[in-house]
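Everything below belongs to target.pdb, which stores PDB, C-alpha atoms.
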```pdb
ATOM      1  CA  SER T   1       6.418   5.091   6.273
ATOM      2  CA  ASP T   2       8.536   8.194   6.586
ATOM      3  CA  ILE T   3       8.831   8.462   2.782
ATOM      4  CA  ALA T   4       5.429  10.186   2.431
ATOM      5  CA  GLN T   5       3.199  12.659   4.218
ATOM      6  CA  ALA T   6       0.491   9.966   4.413
ATOM      7  CA  VAL T   7       0.122   6.274   3.587
ATOM      8  CA  GLU T   8      -3.267   4.718   2.825
ATOM      9  CA  LEU T   9      -4.629   1.328   1.844
ATOM     10  CA  HIS T  10      -6.611   1.504  -1.416
ATOM     11  CA  MET T  11      -8.715  -0.799  -3.567
ATOM     12  CA  THR T  12      -8.725  -0.276  -7.320
ATOM     13  CA  GLU T  13     -11.809  -1.537  -9.141
ATOM     14  CA  MET T  14     -13.868  -0.910 -12.232
ATOM     15  CA  GLN T  15     -17.174   0.868 -11.624
ATOM     16  CA  GLY T  16     -18.942   0.717 -14.956
ATOM     17  CA  SER T  17     -16.366   1.980 -17.448
ATOM     18  CA  VAL T  18     -14.415   4.016 -14.877
ATOM     19  CA  MET T  19     -11.438   2.791 -12.824
ATOM     20  CA  LYS T  20     -11.763   4.020  -9.216
ATOM     21  CA  MET T  21      -9.360   3.906  -6.263
ATOM     22  CA  THR T  22     -11.161   3.766  -2.934
ATOM     23  CA  PRO T  23      -9.396   4.217   0.437
ATOM     24  CA  GLN T  24      -9.868   1.263   2.799
ATOM     25  CA  ASP T  25     -10.041   1.824   6.570
ATOM     26  CA  LYS T  26      -9.028  -1.779   7.140
ATOM     27  CA  ILE T  27      -8.524  -5.005   5.231
ATOM     28  CA  ALA T  28      -9.645  -8.334   6.665
ATOM     29  CA  VAL T  29      -6.959 -11.031   6.645
ATOM     30  CA  PRO T  30      -8.417 -14.528   7.143
ATOM     31  CA  ALA T  31      -6.983 -16.510  10.084
ATOM     32  CA  GLY T  32      -4.020 -18.454   8.720
ATOM     33  CA  GLY T  33      -4.627 -16.855   5.320
ATOM     34  CA  LYS T  34      -3.158 -14.051   3.276
ATOM     35  CA  VAL T  35      -4.123 -10.982   1.302
ATOM     36  CA  GLU T  36      -2.291 -10.048  -1.885
ATOM     37  CA  PHE T  37      -1.446  -6.448  -2.742
ATOM     38  CA  LYS T  38      -0.935  -5.871  -6.479
ATOM     39  CA  PRO T  39      -1.586  -3.327  -9.232
ATOM     40  CA  GLY T  40      -5.261  -3.094 -10.181
ATOM     41  CA  SER T  41      -6.405  -4.406  -6.793
ATOM     42  CA  LEU T  42      -5.409  -3.745  -3.188
ATOM     43  CA  HIS T  43      -2.349  -1.533  -2.883
ATOM     44  CA  VAL T  44      -0.496   0.823  -0.567
ATOM     45  CA  MET T  45      -0.830   4.470  -1.665
ATOM     46  CA  PHE T  46       2.000   6.843  -0.705
ATOM     47  CA  ILE T  47       0.642  10.402  -0.690
ATOM     48  CA  ASN T  48       2.873  13.465  -1.130
ATOM     49  CA  LEU T  49       6.218  11.707  -1.418
ATOM     50  CA  LYS T  50       9.061  13.487   0.341
ATOM     51  CA  ARG T  51      11.525  12.447  -2.385
ATOM     52  CA  ASP T  52      11.430  10.848  -5.804
ATOM     53  CA  LEU T  53      11.582   7.070  -5.912
ATOM     54  CA  LYS T  54      13.286   5.008  -8.578
ATOM     55  CA  THR T  55      13.363   1.316  -9.382
ATOM     56  CA  GLY T  56      15.546  -0.524  -6.870
ATOM     57  CA  ASP T  57      15.092   1.985  -4.018
ATOM     58  CA  THR T  58      14.247   0.474  -0.642
ATOM     59  CA  LEU T  59      11.972   2.115   1.910
ATOM     60  CA  ALA T  60      10.631   1.288   5.358
ATOM     61  CA  LEU T  61       6.951   0.438   5.793
ATOM     62  CA  THR T  62       5.160  -0.545   9.004
ATOM     63  CA  LEU T  63       1.885  -2.469   8.776
ATOM     64  CA  ARG T  64      -0.383  -2.332  11.824
ATOM     65  CA  PHE T  65      -2.641  -5.310  12.504
ATOM     66  CA  GLN T  66      -5.585  -5.177  14.890
ATOM     67  CA  ASN T  67      -4.719  -8.458  16.633
ATOM     68  CA  ALA T  68      -1.137  -9.205  15.588
ATOM     69  CA  GLY T  69       0.517  -5.838  16.292
ATOM     70  CA  GLU T  70       3.051  -4.244  13.946
ATOM     71  CA  MET T  71       5.111  -5.741  11.136
ATOM     72  CA  LYS T  72       8.099  -3.677   9.971
ATOM     73  CA  LEU T  73       9.086  -4.249   6.340
ATOM     74  CA  GLN T  74      11.722  -3.090   3.911
ATOM     75  CA  VAL T  75       9.959  -2.627   0.557
ATOM     76  CA  GLN T  76      11.776  -2.442  -2.769
ATOM     77  CA  VAL T  77      10.468  -0.201  -5.546
ATOM     78  CA  GLN T  78       9.821  -2.289  -8.656
ATOM     79  CA  GLU T  79       8.875  -1.526 -12.221
ATOM     80  CA  ARG T  80       5.227  -2.084 -12.916
TER      81      ARG T  80
END
```

Could you rewrite the structure in this file as structure tokens?
Amino acid sequence: SDIAQAVELHMTEMQGSVMKMTPQDKIAVPAGGKVEFKPGSLHVMFINLKRDLKTGDTLALTLRFQNAGEMKLQVQVQER
């Protein structure tokens, strides 16, 4: 995405009593299956935003798959 200096895939999980976000190099998607991105789990992390985002804004995001190539998306900013 051109909205941030970097974009990473992260997993949020509890480790003991501490919530940790861990970068993921890749995420396995089962053949014919799906993976859900949501708060408190897998998510896309936008690092060093180039502009402020507000609810309702739309931004471009390209996902790159090892076997399926690229998928270009328009993502809408939503309230949590």

Residue nearest Pro30 in chain T among T:Gln74, T:Thr12, T:Asn67, T:Asn48 (counting only C-alpha atoms)
T:Asn67

Excluding same-chain residues fewer than 4 positions from Met14 in chain T, what lies within 10 Å of it counting all atoms listed in the file, as a short mmCIF file (atom, residue, chain, number, x, y, z; two decimals) with C-alpha atoms, keeping the file's coordinate frame?
```
data_model
loop_
_atom_site.label_atom_id
_atom_site.label_comp_id
_atom_site.auth_asym_id
_atom_site.auth_seq_id
_atom_site.Cartn_x
_atom_site.Cartn_y
_atom_site.Cartn_z
CA VAL T 18 -14.42 4.02 -14.88
CA MET T 19 -11.44 2.79 -12.82
CA LYS T 20 -11.76 4.02 -9.22
CA MET T 21 -9.36 3.91 -6.26
CA GLY T 40 -5.26 -3.09 -10.18
CA SER T 41 -6.40 -4.41 -6.79
#
```

Here is a test: counting only C-alpha atoms, which residue of T:Pro23, T:Leu73, T:Gln78, T:Gln15 is nearest to Met45 in chain T?
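With only C-alpha atoms as the atom set, the closest residue is T:Pro23.
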
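From CA of Gly33 in chain T back to CA of Phe46 in chain T, the distance works out to 25.3 Å.
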
Within 10 Å of Thr22 in chain T, counting only C-alpha atoms, which residues show up once you throw out same-chain ones fewer than 3 positions away? Write them as a ChimeraX atom specification, please.
/T:8-13,19,25,42

How far is it from CA of Thr55 in chain T to CA of Ile27 in chain T, in Å with one decimal?
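Atom-to-atom, CA of Thr55 in chain T and CA of Ile27 in chain T are spaced 27.1 Å apart.
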
Which is closer to Ile3 in chain T than all the others in T:Thr58, T:Leu49, T:Glu79, T:Glu70, using all atoms listed in the file?
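With all atoms listed in the file as the atom set, the closest residue is T:Leu49.
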
For CA of Val77 in chain T and CA of Lys34 in chain T, determine how far apart the two atoms are, in Å to one decimal place.
21.3 Å

Which is closest to Gly56 in chain T among T:Val44, T:Val75, T:Ala68, T:Val35, if we use only C-alpha atoms?
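Ranking T:Val44, T:Val75, T:Ala68, T:Val35 by distance to Gly56 in chain T, first place goes to T:Val75.
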
Who sits within 10 Å of Lys72 in chain T, all atoms listed in the file, same chain under 3 positions skipped, as a PyMOL selection string
chain T and resi 1+60-64+75

Let me see the file: selected residues, C-alpha atoms, as a PDB file, in the coordinates of the input.
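Dumped to out26.pdb:
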```pdb
ATOM      1  CA  SER T   1       6.418   5.091   6.273  1.00  0.00           C
ATOM      2  CA  ALA T  60      10.631   1.288   5.358  1.00  0.00           C
ATOM      3  CA  LEU T  61       6.951   0.438   5.793  1.00  0.00           C
ATOM      4  CA  THR T  62       5.160  -0.545   9.004  1.00  0.00           C
ATOM      5  CA  LEU T  63       1.885  -2.469   8.776  1.00  0.00           C
ATOM      6  CA  ARG T  64      -0.383  -2.332  11.824  1.00  0.00           C
ATOM      7  CA  VAL T  75       9.959  -2.627   0.557  1.00  0.00           C
TER       8      VAL T  75
END
```

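Taking only C-alpha atoms into account, His43 in chain T lies nearest to T:Gln24 out of the set T:Gln24, T:Gly16, T:Gln76, T:Ala4.
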
Could you check the closest approach to Ile47 in chain T for each of T:Asp2, T:Gln66, T:Val29, T:Val7 and tell me which residue wins, using only C-alpha atoms?
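Nearest candidate to Ile47 in chain T out of T:Asp2, T:Gln66, T:Val29, T:Val7: T:Val7.
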